[in-house]
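Working notes, beginning with the structure itself.
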Amino acid sequence: MYYDVLNNAFVGFSDNASVWNASNPKTGKISTLSNESVNTTNLGCAIYTISDSVPGEYPKTLTLDFGAGCTSADGILRKGKITYVFSGPLLSPGVTASATFNQYVVNGFGLQGAYAITNNSSEELGISFTTQVTNGIITYPNTTNYHYSHNKTYTMTAGSSTPFDITDDVYAISGNSSFSTADGSSLVFNSTSPLVKAISCHNISKGTVSFVYDQAVSGTIDFGDGTCDDLATVTVGNIHRTIILR
């Protein structure tokens with residue numbers, strides 16, 4: 001669910017990159033600030049608000065408001081608001097961005113906590129970003145709450161030649177994440193081979209992670225061979241099960 005926050009940061013920044021010196025609202029469908037073509041692939045129903053206290057300088061604040069709920073062209077239902085603060089142009093090495101949530105819900109899952117993005121790109125690494133979630137809370141549609149944290153690195157493996165078109169971007173993801181409940185149950189994930197996530201695909205399509213449940217039960221999740229689908233295979237010992245990704 002938190003991957004949606006990184007994706008929205010790229011889309012929102014790309015949509016407004018040429019109009020940072022203004023502070024009027026802009027929607028994904030209609031540009032009110034320029035005659036440029038507007039990217040509607042993902043966030044066509046969001047209202048953008050730019051807070052630019054010093055025109056031409058950073059930091060800059062961008063709020064994406066999905067209102068009471070709207071389904072974007074990517075088929076994802078979002079509601080509420082995300083507010084980003086960018087220290088500089090998001091594609092520049094060394095730039096950081098933070099995100100905060102105001103009753104933000106994606107496909108029925110509520111997100112809270114502190115979200116941070118750091119651009120680690122270099123000639124050696126190529127385009128690479130690290131994301132951190134601290135004090136995260138995921139609220140499931142049945143109102144169950146899980147505490148969540150992660151530290152992940154996204155390295156671009158395709159799409160770098162078209163920096164203002166995210167639709168052809170593909171990332172390899174590595175790192176770890178953890179869930180816990182109020183009663184002490186826990187679930188910890190670590191990537192064992194890079195996870196492949198294309199912007200054009202709703203789910204991870206390749207790679208494996210290991211997991212440990214309550215420090216007692218361990219297993220793996222295999223996301224497949226790169227085919228864009230909603231399937232993965234969970235293995236615990238000699239037991240294998242196909243699951244449907246959400």
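Following the order of the structure tokens, chains are lettered A, B, ..., residues in each are numbered from 1, and ligands are numbered from 1.
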
DSSP-assigned strand (DSSP E or B) members of segment 109-145 of chain A, reported as number ranges by chain: A: 109-119, 122, 126, 128-139, 145

How far is it from atom CA of Thr155 of chain A to atom CA of Asp222 of chain A, in Å with one decimal? 19.6 Å

Identify which of the residues A:Ser149, A:Thr96, A:Asn7, A:Thr143 lies closest to Ile82 of chain A, counting only C-alpha atoms when measuring atom-to-atom distances.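 Checking each of A:Ser149, A:Thr96, A:Asn7, A:Thr143 against Ile82 of chain A, counting only C-alpha atoms, the winner is A:Asn7.
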
Which polymer residues have any atom within 12 Å of an atom of Val106 of chain A, counting only C-alpha atoms, with same-chain residues fewer than 4 positions away left out, as number ranges by chain? A: 1-5, 8, 66, 68-72, 75-82, 101, 110-112, 138-141, 246

Keeping only N, CA and C atoms, write the selected residues to a file as an mmCIF file, in the first residue's frame.
data_model
loop_
_atom_site.group_PDB
_atom_site.id
_atom_site.type_symbol
_atom_site.label_atom_id
_atom_site.label_comp_id
_atom_site.auth_asym_id
_atom_site.auth_seq_id
_atom_site.Cartn_x
_atom_site.Cartn_y
_atom_site.Cartn_z
ATOM 1 N N MET A 1 0.810 -1.214 0.000
ATOM 2 C CA MET A 1 0.000 0.000 0.000
ATOM 3 C C MET A 1 0.846 1.269 0.000
ATOM 4 N N TYR A 2 1.971 1.249 0.751
ATOM 5 C CA TYR A 2 2.786 2.455 0.838
ATOM 6 C C TYR A 2 3.533 2.744 -0.462
ATOM 7 N N TYR A 3 3.670 1.723 -1.340
ATOM 8 C CA TYR A 3 4.282 2.002 -2.641
ATOM 9 C C TYR A 3 3.487 3.067 -3.390
ATOM 10 N N ASP A 4 2.183 3.100 -3.173
ATOM 11 C CA ASP A 4 1.330 4.096 -3.814
ATOM 12 C C ASP A 4 1.791 5.508 -3.501
ATOM 13 N N VAL A 5 2.367 5.711 -2.313
ATOM 14 C CA VAL A 5 2.817 7.042 -1.900
ATOM 15 C C VAL A 5 4.011 7.481 -2.746
ATOM 16 N N ASN A 8 2.744 8.205 -6.332
ATOM 17 C CA ASN A 8 2.051 9.495 -6.403
ATOM 18 C C ASN A 8 3.015 10.669 -6.357
ATOM 19 N N PHE A 66 -7.846 13.765 -3.046
ATOM 20 C CA PHE A 66 -8.725 12.838 -3.758
ATOM 21 C C PHE A 66 -10.167 12.921 -3.259
ATOM 22 N N ALA A 68 -13.677 12.763 -1.362
ATOM 23 C CA ALA A 68 -14.397 11.686 -0.678
ATOM 24 C C ALA A 68 -14.171 10.336 -1.332
ATOM 25 N N GLY A 69 -13.423 10.314 -2.442
ATOM 26 C CA GLY A 69 -13.110 9.065 -3.105
ATOM 27 C C GLY A 69 -13.276 9.162 -4.604
ATOM 28 N N CYS A 70 -12.251 8.751 -5.340
ATOM 29 C CA CYS A 70 -12.350 8.712 -6.797
ATOM 30 C C CYS A 70 -11.414 7.639 -7.321
ATOM 31 N N THR A 71 -11.828 7.003 -8.409
ATOM 32 C CA THR A 71 -11.027 5.957 -9.039
ATOM 33 C C THR A 71 -10.278 6.558 -10.210
ATOM 34 N N SER A 72 -8.955 6.510 -10.156
ATOM 35 C CA SER A 72 -8.134 7.071 -11.210
ATOM 36 C C SER A 72 -8.050 6.106 -12.389
ATOM 37 N N GLY A 75 -7.148 2.453 -12.098
ATOM 38 C CA GLY A 75 -8.059 1.527 -11.443
ATOM 39 C C GLY A 75 -7.986 1.514 -9.935
ATOM 40 N N ILE A 76 -7.208 2.426 -9.329
ATOM 41 C CA ILE A 76 -7.048 2.466 -7.880
ATOM 42 C C ILE A 76 -8.009 3.502 -7.287
ATOM 43 N N LEU A 77 -8.734 3.087 -6.263
ATOM 44 C CA LEU A 77 -9.654 3.992 -5.560
ATOM 45 C C LEU A 77 -8.921 4.643 -4.405
ATOM 46 N N ARG A 78 -8.846 5.965 -4.427
ATOM 47 C CA ARG A 78 -8.171 6.720 -3.380
ATOM 48 C C ARG A 78 -9.127 7.759 -2.813
ATOM 49 N N LYS A 79 -8.925 8.107 -1.540
ATOM 50 C CA LYS A 79 -9.645 9.233 -0.961
ATOM 51 C C LYS A 79 -8.784 9.862 0.122
ATOM 52 N N GLY A 80 -9.122 11.077 0.491
ATOM 53 C CA GLY A 80 -8.298 11.803 1.458
ATOM 54 C C GLY A 80 -7.178 12.563 0.778
ATOM 55 N N LYS A 81 -6.182 12.953 1.570
ATOM 56 C CA LYS A 81 -5.110 13.808 1.067
ATOM 57 C C LYS A 81 -3.724 13.250 1.419
ATOM 58 N N ILE A 82 -2.777 13.509 0.508
ATOM 59 C CA ILE A 82 -1.349 13.333 0.791
ATOM 60 C C ILE A 82 -0.681 14.682 0.571
ATOM 61 N N PHE A 101 -0.171 12.278 5.843
ATOM 62 C CA PHE A 101 -1.471 11.795 5.403
ATOM 63 C C PHE A 101 -2.602 12.450 6.190
ATOM 64 N N GLY A 110 -6.370 2.299 4.955
ATOM 65 C CA GLY A 110 -5.944 3.591 5.454
ATOM 66 C C GLY A 110 -4.468 3.590 5.799
ATOM 67 N N LEU A 111 -3.775 4.690 5.472
ATOM 68 C CA LEU A 111 -2.344 4.801 5.745
ATOM 69 C C LEU A 111 -2.069 5.976 6.675
ATOM 70 N N GLN A 112 -1.200 5.733 7.663
ATOM 71 C CA GLN A 112 -0.738 6.779 8.573
ATOM 72 C C GLN A 112 0.761 6.612 8.761
ATOM 73 N N ILE A 138 -1.439 0.726 9.228
ATOM 74 C CA ILE A 138 -2.311 0.344 8.127
ATOM 75 C C ILE A 138 -3.642 -0.103 8.718
ATOM 76 N N THR A 139 -4.718 0.536 8.301
ATOM 77 C CA THR A 139 -6.058 0.166 8.760
ATOM 78 C C THR A 139 -6.764 -0.584 7.634
ATOM 79 N N TYR A 140 -7.063 -1.852 7.883
ATOM 80 C CA TYR A 140 -7.718 -2.690 6.879
ATOM 81 C C TYR A 140 -9.199 -2.323 6.761
ATOM 82 N N PRO A 141 -9.829 -2.741 5.662
ATOM 83 C CA PRO A 141 -11.255 -2.417 5.483
ATOM 84 C C PRO A 141 -12.143 -2.871 6.636
ATOM 85 N N ARG A 246 -3.349 -8.169 -3.749
ATOM 86 C CA ARG A 246 -4.316 -7.077 -3.729
ATOM 87 C C ARG A 246 -3.602 -5.748 -3.809
#

What residues in segment 10-243 of chain A get the DSSP label helix (DSSP H, G or I)? Please answer as number ranges by chain. A: 10-19, 166-168

In terms of the shortest atom-to-atom distance over only C-alpha atoms, which of A:Leu187, A:Ile173, A:Ile166, A:Ala114 is closest to Tyr146 of chain A? A:Leu187

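Closest to Ile137 of chain A among A:Ser122, A:Ser193, A:Ser87, A:Ser180 is A:Ser180, based on only C-alpha atoms.
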
Could you check the closest approach to Thr100 of chain A for each of A:Gln215, A:Ala9, A:Ser161, A:His147 and tell me which residue wins, using only C-alpha atoms? A:Ala9
